[in-house]
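Q: To start, I am sharing the structure in question, which I have written as structure tokens.
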Amino acid sequence: MFRRIPNRAMFMLRMAACCASPALLAAPGAFAQRTQLKPGWNMFSVQQDISVGKQNAVQAQRLLPLCNAPKVDAYLTELGMKLVAHLDTHGAQYPWEFHCVNDRSINAFALPGGYVFVNRGAIEVADNEAQLAGVMAHEISHVALRHGTNQASKAELTQGGLGIVGGLFGGGVSGALMQQLGAFAAGGVLLRYSRSAETQADISATQVLYDSGYDPRAMAQFFEKLEADSKGKNPPEFFSDHPSPDHRVERVDQEIEKLGGTPPNARRDSQEFEAAKREVMNLPIVKKAAPGGAATGGTISKPQAPSSNYSAYQASGYTLKVPDNWKKYGDENNLAFAPDGGVGNDSSGHGALAYGLTLGTSPLQNGDAATALDSATQQLVSGLQQSNPNMKVTRQSARVRLNGQPALSTYLSNDSPAGGEETDWIITVVRPAGLVYFVCTAPAAEFHEYNKAFGDILDSVRFK
Ligand SMILES: [Zn+2]
């Protein structure tokens with residue numbers, strides 16, 4: 001509590017200095033004003049940011065190894081909320097949450113709506129509280145500037161309304177499908193920022209740190225340190241989601257100058273940070289099985305063969321049977337079945353399914369029944385490719401039947417979260433509820449071991 005008082009006092013003093021002499025603002029170079037930022041064009045509402053963020057946060061908490069260290073979560077929340085108090089949310093109210101992830105890779109991410117996840121690796125590598133505050137101020141700035149759904153809006157526009165985003169929000173081509181193909185529902189679209197978004201987040205974070213009484217240079221120092229430490233090695237995961245803009249450090253320094261220079265007595269460290277850092281360093285290490293080497297980390301391990309006993313599953317428009325040693329993930333709109341070890345995290349810490357079946361129903365965009373199967377299948381594949389740049393069609397769609405209904409069978413390849421390539425066999429059928437899809441996934445080298453199980457599952461499908 002005591003620490004807040006000098007901050008507040010400092011903030012008031014700066015305000016007084018700036019506002020008491022407005023004439024100075026006009027004099028070029030005397031006191032430049034802080035950079036004004038505002039969210040870009042967005043086709044979604046703040047409420048939709050919150051709902052898609054929450055939906056993905058629930059998945060993240062299920063799929064990521066969490067620290068389960070209440071004191072660390074409480075510390076992150078306290079620090080996060082201290083920063084949020086100085087964040088311009090442009091009038092929006094977000095339900096902020098801060099979680100510690102038991103992953104030693106140096107990363108952090110924030111879902112739209114204010115769901116922030118900080119890897120233990122980022123805490124362990126930070127030299128002081130100001131550096132950790134820097135990473136967190138950067139993340140919450142992406143939320144306030146709504147960069148995730150801004151990007152999704154642009155993707156939707158360039159895709160000509162192919163419905164990838166509609167799917168995300170409408171529960172159609174939603175979570176499970178994107179997730180099993182390498183990212184959380186939104187991961188590919190919502191968490192890979194552009195360089196200009198990075199610059200904006202850096203500038204906003206600089207302002208937040210300054211106004212919260214931290215040394216704003218600490219954020220740039222942290223990024224420089226990450227770059228220096230990773231010379232000649234794999235760059236830290238942080239940079240795959242947050243690509244370094246040119247002149248990052250210079251731009252931060254420029255903003256500090258605009259704000260009036262590094263604040264005197266800026267806070268760098270705290271006892272609480274040291275305690276939280278000690279605690280995460282003592283957490284058990286969650287082993288990452290990485291068959292494809294360090295670049296493809298994850299918690300995938302080769303699962304047991306599919307059982308030849310099957311259990312029935314009742315979806316709203318059909319029934320099917322899956323091997324009884326596969327577990328169900330998600331709900332009706334966002335469903336997958338996978339063996340133990342078949343689901344893990346991809347290299348960015350996003351949930352990913354390497355072995356198993358994903359299924360769902362995607363609403364039809366335009367209602368021409370005669371061409372609906374072809375066009376909806378095409379839209380589904382394009383939407384997937386949008387968020388999985390390495391995904392390729394390896395066998396063009398061929399006509400088959402599923403429980404007597406006309407269907408399409410399409411084969412794709414993609415990066416497997418287990419390392420190497422995976423095969424995705426997609427069967428699509430048009431039903432009254434929309435395009436029903438079944439995605440059968442396994443590493444390419446092991447796909448033949450799953451062929452029979454996938455065939456049995458598809459043969460068991462009975463439409464109502
Ligand atoms: Zn970023």
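By order in the structure tokens, chains are A, B, ...; within a chain, residues start at 1; ligands start at 1, following the order shown.
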At a cut-off of 8 Å and counting only C-alpha atoms and all ligand atoms, what residues surround ligand 1? Please answer as a VMD selection string.

A: chain A and resid 138 to 139 142 193 197 to 198 201 to 202 241 to 243

Q: What lies within 8 Å of Tyr437 in chain A using only C-alpha atoms, ignoring chain neighbours under 4 positions off, as a list in words?

A: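 With the cut-off at 8 Å, the set is Leu359, Gly360, Thr361, Ser362, Ile426, Ile427, Thr428 and Val429 of chain A.
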
Q: When DSSP works through the backbone of this structure, what residues of range 327-447 of chain A end up as strand (DSSP E or B), shown as a short mmCIF file (atom, residue, chain, number, x, y, z; two decimals) with all heavy atoms, in the first residue's frame?

A:
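After the write, selection_17.cif holds the following:
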```
data_model
loop_
_atom_site.label_atom_id
_atom_site.label_comp_id
_atom_site.auth_asym_id
_atom_site.auth_seq_id
_atom_site.Cartn_x
_atom_site.Cartn_y
_atom_site.Cartn_z
N LYS A 327 -10.00 -40.19 -25.04
CA LYS A 327 -10.77 -39.29 -24.16
C LYS A 327 -11.44 -38.21 -24.99
O LYS A 327 -10.94 -37.83 -26.03
CB LYS A 327 -9.82 -38.61 -23.18
CG LYS A 327 -9.44 -39.43 -22.00
CD LYS A 327 -8.79 -38.54 -20.95
CE LYS A 327 -8.10 -39.40 -19.90
NZ LYS A 327 -6.72 -39.01 -19.69
N LYS A 328 -12.50 -37.70 -24.43
CA LYS A 328 -13.23 -36.62 -25.09
C LYS A 328 -12.71 -35.27 -24.58
O LYS A 328 -12.50 -35.09 -23.39
CB LYS A 328 -14.71 -36.78 -24.76
CG LYS A 328 -15.61 -35.69 -25.26
CD LYS A 328 -17.07 -36.03 -24.91
CE LYS A 328 -17.92 -34.79 -24.99
NZ LYS A 328 -18.42 -34.32 -23.74
N TYR A 329 -12.46 -34.36 -25.50
CA TYR A 329 -12.06 -33.00 -25.14
C TYR A 329 -13.08 -32.02 -25.68
O TYR A 329 -13.52 -32.15 -26.82
CB TYR A 329 -10.69 -32.66 -25.75
CG TYR A 329 -9.56 -33.49 -25.20
CD1 TYR A 329 -9.29 -34.75 -25.72
CD2 TYR A 329 -8.78 -33.01 -24.16
CE1 TYR A 329 -8.25 -35.53 -25.20
CE2 TYR A 329 -7.75 -33.76 -23.63
CZ TYR A 329 -7.49 -35.03 -24.16
OH TYR A 329 -6.48 -35.78 -23.65
N LEU A 335 -15.25 -30.14 -30.33
CA LEU A 335 -15.08 -31.48 -29.80
C LEU A 335 -13.91 -32.22 -30.43
O LEU A 335 -13.68 -32.13 -31.64
CB LEU A 335 -16.39 -32.24 -30.10
CG LEU A 335 -16.57 -33.60 -29.44
CD1 LEU A 335 -16.59 -33.45 -27.93
CD2 LEU A 335 -17.87 -34.22 -29.92
N ALA A 336 -13.18 -32.94 -29.61
CA ALA A 336 -12.11 -33.79 -30.12
C ALA A 336 -12.05 -35.05 -29.28
O ALA A 336 -12.45 -35.05 -28.11
CB ALA A 336 -10.78 -33.05 -30.07
N PHE A 337 -11.58 -36.14 -29.89
CA PHE A 337 -11.31 -37.39 -29.18
C PHE A 337 -9.85 -37.74 -29.42
O PHE A 337 -9.40 -37.73 -30.57
CB PHE A 337 -12.19 -38.53 -29.70
CG PHE A 337 -13.65 -38.36 -29.37
CD1 PHE A 337 -14.51 -37.76 -30.27
CD2 PHE A 337 -14.15 -38.81 -28.14
CE1 PHE A 337 -15.86 -37.60 -29.97
CE2 PHE A 337 -15.50 -38.65 -27.84
CZ PHE A 337 -16.35 -38.05 -28.75
N ALA A 338 -9.12 -38.02 -28.34
CA ALA A 338 -7.69 -38.30 -28.51
C ALA A 338 -7.22 -39.27 -27.44
O ALA A 338 -7.77 -39.29 -26.33
CB ALA A 338 -6.89 -37.00 -28.43
N PRO A 339 -6.19 -40.07 -27.78
CA PRO A 339 -5.61 -40.95 -26.77
C PRO A 339 -4.75 -40.16 -25.79
O PRO A 339 -4.37 -39.02 -26.09
CB PRO A 339 -4.72 -41.88 -27.61
CG PRO A 339 -4.39 -41.09 -28.84
CD PRO A 339 -5.55 -40.16 -29.09
N VAL A 343 -2.48 -35.10 -27.07
CA VAL A 343 -2.71 -33.65 -27.09
C VAL A 343 -1.60 -32.98 -26.31
O VAL A 343 -1.22 -33.43 -25.24
CB VAL A 343 -4.07 -33.30 -26.43
CG1 VAL A 343 -4.31 -31.79 -26.46
CG2 VAL A 343 -5.20 -34.03 -27.11
N GLY A 344 -1.05 -31.91 -26.84
CA GLY A 344 0.00 -31.19 -26.12
C GLY A 344 -0.02 -29.74 -26.52
O GLY A 344 -1.06 -29.21 -26.91
N ASN A 345 1.16 -29.13 -26.45
CA ASN A 345 1.28 -27.73 -26.85
C ASN A 345 2.18 -27.66 -28.06
O ASN A 345 3.15 -28.39 -28.15
CB ASN A 345 1.93 -26.91 -25.75
CG ASN A 345 1.25 -27.17 -24.43
OD1 ASN A 345 0.03 -27.24 -24.37
ND2 ASN A 345 2.04 -27.35 -23.39
N GLY A 351 -2.35 -24.98 -27.50
CA GLY A 351 -2.83 -26.35 -27.45
C GLY A 351 -2.87 -26.96 -28.84
O GLY A 351 -3.17 -26.29 -29.81
N ALA A 352 -2.54 -28.23 -28.94
CA ALA A 352 -2.52 -28.85 -30.25
C ALA A 352 -2.77 -30.34 -30.11
O ALA A 352 -2.30 -30.98 -29.18
CB ALA A 352 -1.17 -28.61 -30.91
N LEU A 353 -3.52 -30.89 -31.05
CA LEU A 353 -3.80 -32.31 -31.04
C LEU A 353 -2.94 -32.97 -32.11
O LEU A 353 -2.94 -32.54 -33.26
CB LEU A 353 -5.30 -32.51 -31.31
CG LEU A 353 -5.85 -33.93 -31.21
CD1 LEU A 353 -7.30 -33.87 -30.74
CD2 LEU A 353 -5.79 -34.63 -32.55
N GLY A 356 -5.65 -38.23 -33.21
CA GLY A 356 -7.05 -38.32 -32.83
C GLY A 356 -8.00 -37.71 -33.84
O GLY A 356 -7.65 -37.49 -35.00
N LEU A 357 -9.20 -37.45 -33.36
CA LEU A 357 -10.30 -37.02 -34.22
C LEU A 357 -10.88 -35.72 -33.70
O LEU A 357 -11.11 -35.56 -32.50
CB LEU A 357 -11.39 -38.10 -34.19
CG LEU A 357 -12.70 -37.76 -34.91
CD1 LEU A 357 -12.54 -37.95 -36.42
CD2 LEU A 357 -13.83 -38.63 -34.39
N THR A 358 -11.10 -34.78 -34.62
CA THR A 358 -11.78 -33.53 -34.28
C THR A 358 -13.06 -33.48 -35.09
O THR A 358 -13.05 -33.88 -36.25
CB THR A 358 -10.92 -32.32 -34.67
OG1 THR A 358 -9.63 -32.50 -34.13
CG2 THR A 358 -11.52 -31.04 -34.13
N LEU A 359 -14.16 -33.04 -34.51
CA LEU A 359 -15.39 -32.98 -35.28
C LEU A 359 -16.20 -31.76 -34.91
O LEU A 359 -16.03 -31.19 -33.84
CB LEU A 359 -16.22 -34.25 -35.10
CG LEU A 359 -16.48 -34.74 -33.69
CD1 LEU A 359 -17.78 -35.50 -33.63
CD2 LEU A 359 -15.36 -35.66 -33.28
N GLY A 360 -17.05 -31.37 -35.83
CA GLY A 360 -17.87 -30.20 -35.56
C GLY A 360 -18.78 -29.91 -36.72
O GLY A 360 -18.80 -30.63 -37.71
N THR A 361 -19.56 -28.86 -36.57
CA THR A 361 -20.48 -28.44 -37.62
C THR A 361 -20.26 -26.96 -37.86
O THR A 361 -20.17 -26.19 -36.92
CB THR A 361 -21.94 -28.68 -37.19
OG1 THR A 361 -22.07 -30.05 -36.82
CG2 THR A 361 -22.91 -28.37 -38.32
N SER A 362 -20.15 -26.60 -39.15
CA SER A 362 -19.91 -25.22 -39.49
C SER A 362 -21.13 -24.71 -40.26
O SER A 362 -21.58 -25.36 -41.19
CB SER A 362 -18.65 -25.18 -40.35
OG SER A 362 -18.55 -23.98 -41.03
N LYS A 392 -0.94 -27.95 -46.49
CA LYS A 392 -1.10 -28.13 -47.94
C LYS A 392 -2.11 -29.23 -48.21
O LYS A 392 -2.20 -30.20 -47.47
CB LYS A 392 0.24 -28.56 -48.56
CG LYS A 392 1.28 -27.49 -48.56
CD LYS A 392 2.56 -27.98 -49.26
CE LYS A 392 3.72 -27.03 -48.97
NZ LYS A 392 4.17 -27.12 -47.56
N VAL A 393 -2.83 -29.07 -49.32
CA VAL A 393 -3.72 -30.14 -49.76
C VAL A 393 -2.84 -31.17 -50.46
O VAL A 393 -2.11 -30.85 -51.40
CB VAL A 393 -4.79 -29.60 -50.73
CG1 VAL A 393 -5.62 -30.74 -51.30
CG2 VAL A 393 -5.67 -28.57 -50.04
N THR A 394 -2.85 -32.41 -49.99
CA THR A 394 -2.02 -33.44 -50.62
C THR A 394 -2.85 -34.34 -51.54
O THR A 394 -2.31 -34.97 -52.43
CB THR A 394 -1.32 -34.31 -49.56
OG1 THR A 394 -2.30 -34.77 -48.64
CG2 THR A 394 -0.27 -33.50 -48.81
N ARG A 395 -4.15 -34.44 -51.28
CA ARG A 395 -5.04 -35.14 -52.21
C ARG A 395 -6.32 -34.32 -52.34
O ARG A 395 -6.98 -34.06 -51.33
CB ARG A 395 -5.38 -36.53 -51.68
CG ARG A 395 -4.67 -37.64 -52.48
CD ARG A 395 -5.18 -39.01 -52.06
NE ARG A 395 -4.33 -39.60 -51.04
CZ ARG A 395 -4.64 -40.72 -50.38
NH1 ARG A 395 -5.78 -41.36 -50.62
NH2 ARG A 395 -3.82 -41.21 -49.47
N GLN A 396 -6.61 -33.89 -53.57
CA GLN A 396 -7.80 -33.06 -53.80
C GLN A 396 -9.05 -33.80 -53.33
O GLN A 396 -9.07 -35.03 -53.29
CB GLN A 396 -7.93 -32.73 -55.29
CG GLN A 396 -6.84 -31.80 -55.83
CD GLN A 396 -6.86 -30.42 -55.16
OE1 GLN A 396 -7.90 -29.98 -54.68
NE2 GLN A 396 -5.71 -29.76 -55.12
N SER A 397 -10.09 -33.03 -53.05
CA SER A 397 -11.33 -33.62 -52.56
C SER A 397 -11.89 -34.65 -53.54
O SER A 397 -11.96 -34.39 -54.74
CB SER A 397 -12.37 -32.51 -52.36
OG SER A 397 -11.89 -31.57 -51.43
N ALA A 398 -12.24 -35.80 -52.99
CA ALA A 398 -12.83 -36.86 -53.82
C ALA A 398 -14.19 -37.21 -53.27
O ALA A 398 -14.43 -37.13 -52.06
CB ALA A 398 -11.92 -38.08 -53.81
N ARG A 399 -15.12 -37.62 -54.17
CA ARG A 399 -16.49 -37.94 -53.71
C ARG A 399 -16.51 -39.31 -53.04
O ARG A 399 -15.98 -40.28 -53.59
CB ARG A 399 -17.46 -37.93 -54.89
CG ARG A 399 -17.42 -36.61 -55.56
CD ARG A 399 -18.68 -36.16 -56.27
NE ARG A 399 -18.45 -34.75 -56.59
CZ ARG A 399 -18.73 -33.75 -55.77
NH1 ARG A 399 -19.36 -33.97 -54.64
NH2 ARG A 399 -18.42 -32.52 -56.09
N VAL A 400 -17.09 -39.34 -51.87
CA VAL A 400 -17.27 -40.61 -51.15
C VAL A 400 -18.68 -40.56 -50.54
O VAL A 400 -19.40 -39.59 -50.77
CB VAL A 400 -16.22 -40.81 -50.03
CG1 VAL A 400 -14.83 -40.98 -50.60
CG2 VAL A 400 -16.24 -39.63 -49.05
N ARG A 401 -19.05 -41.60 -49.81
CA ARG A 401 -20.34 -41.55 -49.10
C ARG A 401 -20.09 -41.82 -47.64
O ARG A 401 -19.20 -42.60 -47.28
CB ARG A 401 -21.32 -42.58 -49.69
CG ARG A 401 -21.86 -42.11 -51.02
CD ARG A 401 -23.08 -42.87 -51.49
NE ARG A 401 -23.60 -42.18 -52.67
CZ ARG A 401 -24.60 -41.27 -52.64
NH1 ARG A 401 -25.23 -41.01 -51.52
NH2 ARG A 401 -24.97 -40.67 -53.74
N LEU A 402 -20.88 -41.16 -46.80
CA LEU A 402 -20.78 -41.39 -45.37
C LEU A 402 -22.20 -41.68 -44.89
O LEU A 402 -23.08 -40.81 -45.02
CB LEU A 402 -20.20 -40.17 -44.66
CG LEU A 402 -19.84 -40.38 -43.19
CD1 LEU A 402 -18.69 -41.36 -43.02
CD2 LEU A 402 -19.48 -39.05 -42.52
N GLN A 405 -24.75 -40.72 -47.31
CA GLN A 405 -24.83 -39.32 -47.75
C GLN A 405 -23.63 -38.96 -48.61
O GLN A 405 -22.53 -39.43 -48.35
CB GLN A 405 -24.83 -38.40 -46.51
CG GLN A 405 -25.93 -38.66 -45.53
CD GLN A 405 -27.29 -38.39 -46.14
OE1 GLN A 405 -27.53 -37.34 -46.74
NE2 GLN A 405 -28.19 -39.37 -46.05
N PRO A 406 -23.84 -38.09 -49.63
CA PRO A 406 -22.70 -37.62 -50.42
C PRO A 406 -21.71 -36.88 -49.52
O PRO A 406 -22.13 -36.05 -48.71
CB PRO A 406 -23.32 -36.65 -51.44
CG PRO A 406 -24.79 -36.73 -51.27
CD PRO A 406 -25.11 -37.45 -50.01
N ALA A 407 -20.44 -37.21 -49.65
CA ALA A 407 -19.41 -36.61 -48.80
C ALA A 407 -18.17 -36.34 -49.63
O ALA A 407 -18.04 -36.84 -50.74
CB ALA A 407 -19.09 -37.56 -47.64
N LEU A 408 -17.26 -35.53 -49.07
CA LEU A 408 -15.97 -35.31 -49.72
C LEU A 408 -14.87 -35.78 -48.78
O LEU A 408 -14.95 -35.59 -47.56
CB LEU A 408 -15.76 -33.82 -50.04
CG LEU A 408 -16.54 -33.23 -51.21
CD1 LEU A 408 -16.18 -31.76 -51.38
CD2 LEU A 408 -16.24 -34.00 -52.52
N SER A 409 -13.85 -36.39 -49.39
CA SER A 409 -12.68 -36.84 -48.64
C SER A 409 -11.49 -36.02 -49.13
O SER A 409 -11.20 -36.00 -50.32
CB SER A 409 -12.48 -38.33 -48.92
OG SER A 409 -11.13 -38.68 -48.72
N THR A 410 -10.82 -35.32 -48.22
CA THR A 410 -9.70 -34.46 -48.60
C THR A 410 -8.53 -34.77 -47.67
O THR A 410 -8.73 -34.94 -46.46
CB THR A 410 -10.08 -32.97 -48.43
OG1 THR A 410 -11.36 -32.75 -49.01
CG2 THR A 410 -9.05 -32.04 -49.05
N TYR A 411 -7.33 -34.87 -48.24
CA TYR A 411 -6.13 -35.09 -47.41
C TYR A 411 -5.28 -33.84 -47.41
O TYR A 411 -5.07 -33.22 -48.45
CB TYR A 411 -5.31 -36.26 -47.96
CG TYR A 411 -5.89 -37.62 -47.64
CD1 TYR A 411 -6.88 -38.19 -48.44
CD2 TYR A 411 -5.43 -38.35 -46.53
CE1 TYR A 411 -7.40 -39.44 -48.16
CE2 TYR A 411 -5.95 -39.60 -46.24
CZ TYR A 411 -6.94 -40.14 -47.06
OH TYR A 411 -7.45 -41.38 -46.77
N LEU A 412 -4.79 -33.50 -46.22
CA LEU A 412 -3.88 -32.36 -46.09
C LEU A 412 -2.66 -32.77 -45.29
O LEU A 412 -2.69 -33.75 -44.54
CB LEU A 412 -4.57 -31.20 -45.37
CG LEU A 412 -5.81 -30.63 -46.07
CD1 LEU A 412 -7.06 -31.09 -45.37
CD2 LEU A 412 -5.77 -29.12 -46.10
N SER A 413 -1.59 -31.98 -45.45
CA SER A 413 -0.44 -32.18 -44.56
C SER A 413 -0.21 -30.87 -43.82
O SER A 413 -0.59 -29.80 -44.28
CB SER A 413 0.81 -32.56 -45.36
OG SER A 413 1.25 -31.46 -46.12
N ASN A 414 0.40 -31.00 -42.65
CA ASN A 414 0.66 -29.82 -41.82
C ASN A 414 1.81 -30.16 -40.89
O ASN A 414 2.20 -31.34 -40.78
CB ASN A 414 -0.60 -29.47 -41.02
CG ASN A 414 -0.55 -28.08 -40.39
OD1 ASN A 414 0.17 -27.21 -40.87
ND2 ASN A 414 -1.31 -27.89 -39.33
N ASP A 415 2.36 -29.15 -40.21
CA ASP A 415 3.38 -29.43 -39.19
C ASP A 415 2.70 -30.15 -38.04
O ASP A 415 1.67 -29.69 -37.55
CB ASP A 415 3.98 -28.12 -38.67
CG ASP A 415 4.72 -27.36 -39.76
OD1 ASP A 415 5.19 -28.02 -40.71
OD2 ASP A 415 4.83 -26.14 -39.66
N GLU A 421 5.94 -34.08 -39.99
CA GLU A 421 4.69 -33.76 -40.69
C GLU A 421 3.54 -34.57 -40.14
O GLU A 421 3.74 -35.68 -39.65
CB GLU A 421 4.83 -34.11 -42.17
CG GLU A 421 5.25 -32.94 -43.00
CD GLU A 421 4.95 -33.15 -44.49
OE1 GLU A 421 4.43 -34.23 -44.89
OE2 GLU A 421 5.24 -32.23 -45.25
N GLU A 422 2.34 -34.04 -40.27
CA GLU A 422 1.18 -34.82 -39.93
C GLU A 422 0.28 -34.94 -41.16
O GLU A 422 0.38 -34.16 -42.10
CB GLU A 422 0.38 -34.20 -38.78
CG GLU A 422 -0.40 -32.96 -39.15
CD GLU A 422 -1.14 -32.34 -37.97
OE1 GLU A 422 -0.82 -32.64 -36.81
OE2 GLU A 422 -2.04 -31.52 -38.22
N THR A 423 -0.57 -35.95 -41.14
CA THR A 423 -1.60 -36.09 -42.16
C THR A 423 -2.94 -35.76 -41.52
O THR A 423 -3.22 -36.20 -40.41
CB THR A 423 -1.62 -37.54 -42.69
OG1 THR A 423 -0.35 -37.80 -43.30
CG2 THR A 423 -2.71 -37.73 -43.74
N ASP A 424 -3.73 -34.96 -42.23
CA ASP A 424 -5.09 -34.65 -41.79
C ASP A 424 -6.04 -35.13 -42.86
O ASP A 424 -6.00 -34.65 -43.99
CB ASP A 424 -5.25 -33.14 -41.59
CG ASP A 424 -4.35 -32.62 -40.49
OD1 ASP A 424 -4.52 -33.05 -39.35
OD2 ASP A 424 -3.45 -31.80 -40.79
N TRP A 425 -6.85 -36.08 -42.51
CA TRP A 425 -7.84 -36.63 -43.43
C TRP A 425 -9.19 -36.04 -43.03
O TRP A 425 -9.66 -36.28 -41.92
CB TRP A 425 -7.83 -38.15 -43.35
CG TRP A 425 -8.85 -38.83 -44.21
CD1 TRP A 425 -9.39 -38.37 -45.38
CD2 TRP A 425 -9.43 -40.11 -43.98
NE1 TRP A 425 -10.27 -39.28 -45.88
CE2 TRP A 425 -10.32 -40.37 -45.04
CE3 TRP A 425 -9.29 -41.08 -42.97
CZ2 TRP A 425 -11.07 -41.53 -45.13
CZ3 TRP A 425 -10.03 -42.24 -43.05
CH2 TRP A 425 -10.91 -42.47 -44.14
N ILE A 426 -9.76 -35.26 -43.92
CA ILE A 426 -11.00 -34.55 -43.58
C ILE A 426 -12.17 -35.10 -44.41
O ILE A 426 -12.09 -35.16 -45.64
CB ILE A 426 -10.87 -33.03 -43.86
CG1 ILE A 426 -9.67 -32.47 -43.09
CG2 ILE A 426 -12.14 -32.30 -43.47
CD1 ILE A 426 -9.53 -30.96 -43.18
N ILE A 427 -13.22 -35.49 -43.71
CA ILE A 427 -14.46 -35.91 -44.38
C ILE A 427 -15.53 -34.87 -44.07
O ILE A 427 -15.71 -34.51 -42.91
CB ILE A 427 -14.93 -37.29 -43.84
CG1 ILE A 427 -13.87 -38.36 -44.08
CG2 ILE A 427 -16.27 -37.69 -44.47
CD1 ILE A 427 -13.78 -38.85 -45.50
N THR A 428 -16.19 -34.39 -45.13
CA THR A 428 -17.21 -33.36 -44.94
C THR A 428 -18.55 -33.81 -45.53
O THR A 428 -18.56 -34.45 -46.59
CB THR A 428 -16.78 -32.04 -45.61
OG1 THR A 428 -16.20 -32.33 -46.89
CG2 THR A 428 -15.74 -31.31 -44.79
N VAL A 429 -19.62 -33.48 -44.86
CA VAL A 429 -20.99 -33.83 -45.30
C VAL A 429 -21.89 -32.64 -45.03
O VAL A 429 -21.77 -32.01 -43.98
CB VAL A 429 -21.56 -35.02 -44.48
CG1 VAL A 429 -22.88 -35.49 -45.07
CG2 VAL A 429 -20.57 -36.16 -44.41
N VAL A 430 -22.80 -32.34 -45.98
CA VAL A 430 -23.77 -31.28 -45.71
C VAL A 430 -25.01 -31.89 -45.04
O VAL A 430 -25.57 -32.86 -45.53
CB VAL A 430 -24.18 -30.55 -47.01
CG1 VAL A 430 -25.36 -29.62 -46.74
CG2 VAL A 430 -22.99 -29.76 -47.55
N ARG A 431 -25.36 -31.33 -43.89
CA ARG A 431 -26.55 -31.75 -43.16
C ARG A 431 -27.40 -30.51 -42.87
O ARG A 431 -26.91 -29.39 -43.06
CB ARG A 431 -26.13 -32.43 -41.84
CG ARG A 431 -25.30 -33.68 -42.00
CD ARG A 431 -26.06 -34.82 -42.66
NE ARG A 431 -27.23 -35.19 -41.88
CZ ARG A 431 -28.30 -35.83 -42.37
NH1 ARG A 431 -28.34 -36.14 -43.66
NH2 ARG A 431 -29.31 -36.15 -41.60
N GLY A 434 -25.65 -27.72 -41.13
CA GLY A 434 -24.49 -27.08 -41.74
C GLY A 434 -23.51 -28.12 -42.26
O GLY A 434 -23.87 -29.28 -42.48
N LEU A 435 -22.27 -27.70 -42.45
CA LEU A 435 -21.24 -28.62 -42.93
C LEU A 435 -20.69 -29.40 -41.73
O LEU A 435 -20.06 -28.82 -40.85
CB LEU A 435 -20.10 -27.86 -43.61
CG LEU A 435 -19.02 -28.76 -44.23
CD1 LEU A 435 -19.52 -29.34 -45.56
CD2 LEU A 435 -17.72 -28.00 -44.45
N VAL A 436 -20.94 -30.71 -41.72
CA VAL A 436 -20.42 -31.55 -40.64
C VAL A 436 -19.04 -32.04 -41.09
O VAL A 436 -18.89 -32.53 -42.21
CB VAL A 436 -21.36 -32.74 -40.38
CG1 VAL A 436 -20.77 -33.68 -39.33
CG2 VAL A 436 -22.72 -32.24 -39.92
N TYR A 437 -18.04 -31.86 -40.24
CA TYR A 437 -16.68 -32.29 -40.62
C TYR A 437 -16.09 -33.23 -39.58
O TYR A 437 -16.37 -33.11 -38.39
CB TYR A 437 -15.75 -31.09 -40.85
CG TYR A 437 -15.65 -30.15 -39.66
CD1 TYR A 437 -14.83 -30.45 -38.57
CD2 TYR A 437 -16.38 -28.98 -39.62
CE1 TYR A 437 -14.74 -29.60 -37.48
CE2 TYR A 437 -16.31 -28.12 -38.54
CZ TYR A 437 -15.49 -28.43 -37.48
OH TYR A 437 -15.41 -27.58 -36.40
N PHE A 438 -15.28 -34.15 -40.07
CA PHE A 438 -14.54 -35.10 -39.24
C PHE A 438 -13.09 -34.98 -39.67
O PHE A 438 -12.79 -35.19 -40.85
CB PHE A 438 -15.03 -36.53 -39.46
CG PHE A 438 -16.50 -36.71 -39.21
CD1 PHE A 438 -17.43 -36.47 -40.22
CD2 PHE A 438 -16.96 -37.12 -37.96
CE1 PHE A 438 -18.80 -36.65 -39.99
CE2 PHE A 438 -18.33 -37.29 -37.72
CZ PHE A 438 -19.24 -37.05 -38.74
N VAL A 439 -12.21 -34.65 -38.77
CA VAL A 439 -10.80 -34.52 -39.12
C VAL A 439 -10.01 -35.60 -38.39
O VAL A 439 -9.98 -35.62 -37.16
CB VAL A 439 -10.23 -33.13 -38.75
CG1 VAL A 439 -8.81 -32.98 -39.26
CG2 VAL A 439 -11.12 -32.03 -39.31
N CYS A 440 -9.40 -36.48 -39.16
CA CYS A 440 -8.60 -37.57 -38.59
C CYS A 440 -7.13 -37.17 -38.69
O CYS A 440 -6.64 -36.90 -39.78
CB CYS A 440 -8.82 -38.86 -39.38
SG CYS A 440 -10.55 -39.32 -39.52
N THR A 441 -6.44 -37.14 -37.55
CA THR A 441 -5.07 -36.61 -37.52
C THR A 441 -4.11 -37.60 -36.89
O THR A 441 -4.41 -38.19 -35.85
CB THR A 441 -5.04 -35.30 -36.70
OG1 THR A 441 -5.90 -34.36 -37.32
CG2 THR A 441 -3.63 -34.72 -36.63
N ALA A 442 -2.95 -37.75 -37.52
CA ALA A 442 -1.84 -38.50 -36.91
C ALA A 442 -0.56 -38.06 -37.61
O ALA A 442 -0.62 -37.55 -38.74
CB ALA A 442 -2.04 -40.02 -37.07
N PRO A 443 0.60 -38.24 -36.97
CA PRO A 443 1.84 -37.95 -37.67
C PRO A 443 1.90 -38.77 -38.96
O PRO A 443 1.47 -39.93 -38.98
CB PRO A 443 2.92 -38.39 -36.68
CG PRO A 443 2.26 -38.28 -35.34
CD PRO A 443 0.83 -38.65 -35.58
#
```

Q: Measuring between only C-alpha atoms, which one of A:Arg146, A:His90, A:Lys258, A:Lys464 shows the shortest distance to Tyr210 in chain A?

A: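 The closest residue to Tyr210 in chain A is A:Lys258.
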
Q: Grab the CA of Asp253 in chain A to CA of Gln200 in chain A distance for me, in Å with one decimal place.

A: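 Spanning CA of Asp253 in chain A to CA of Gln200 in chain A is a straight-line distance of 13.7 Å.
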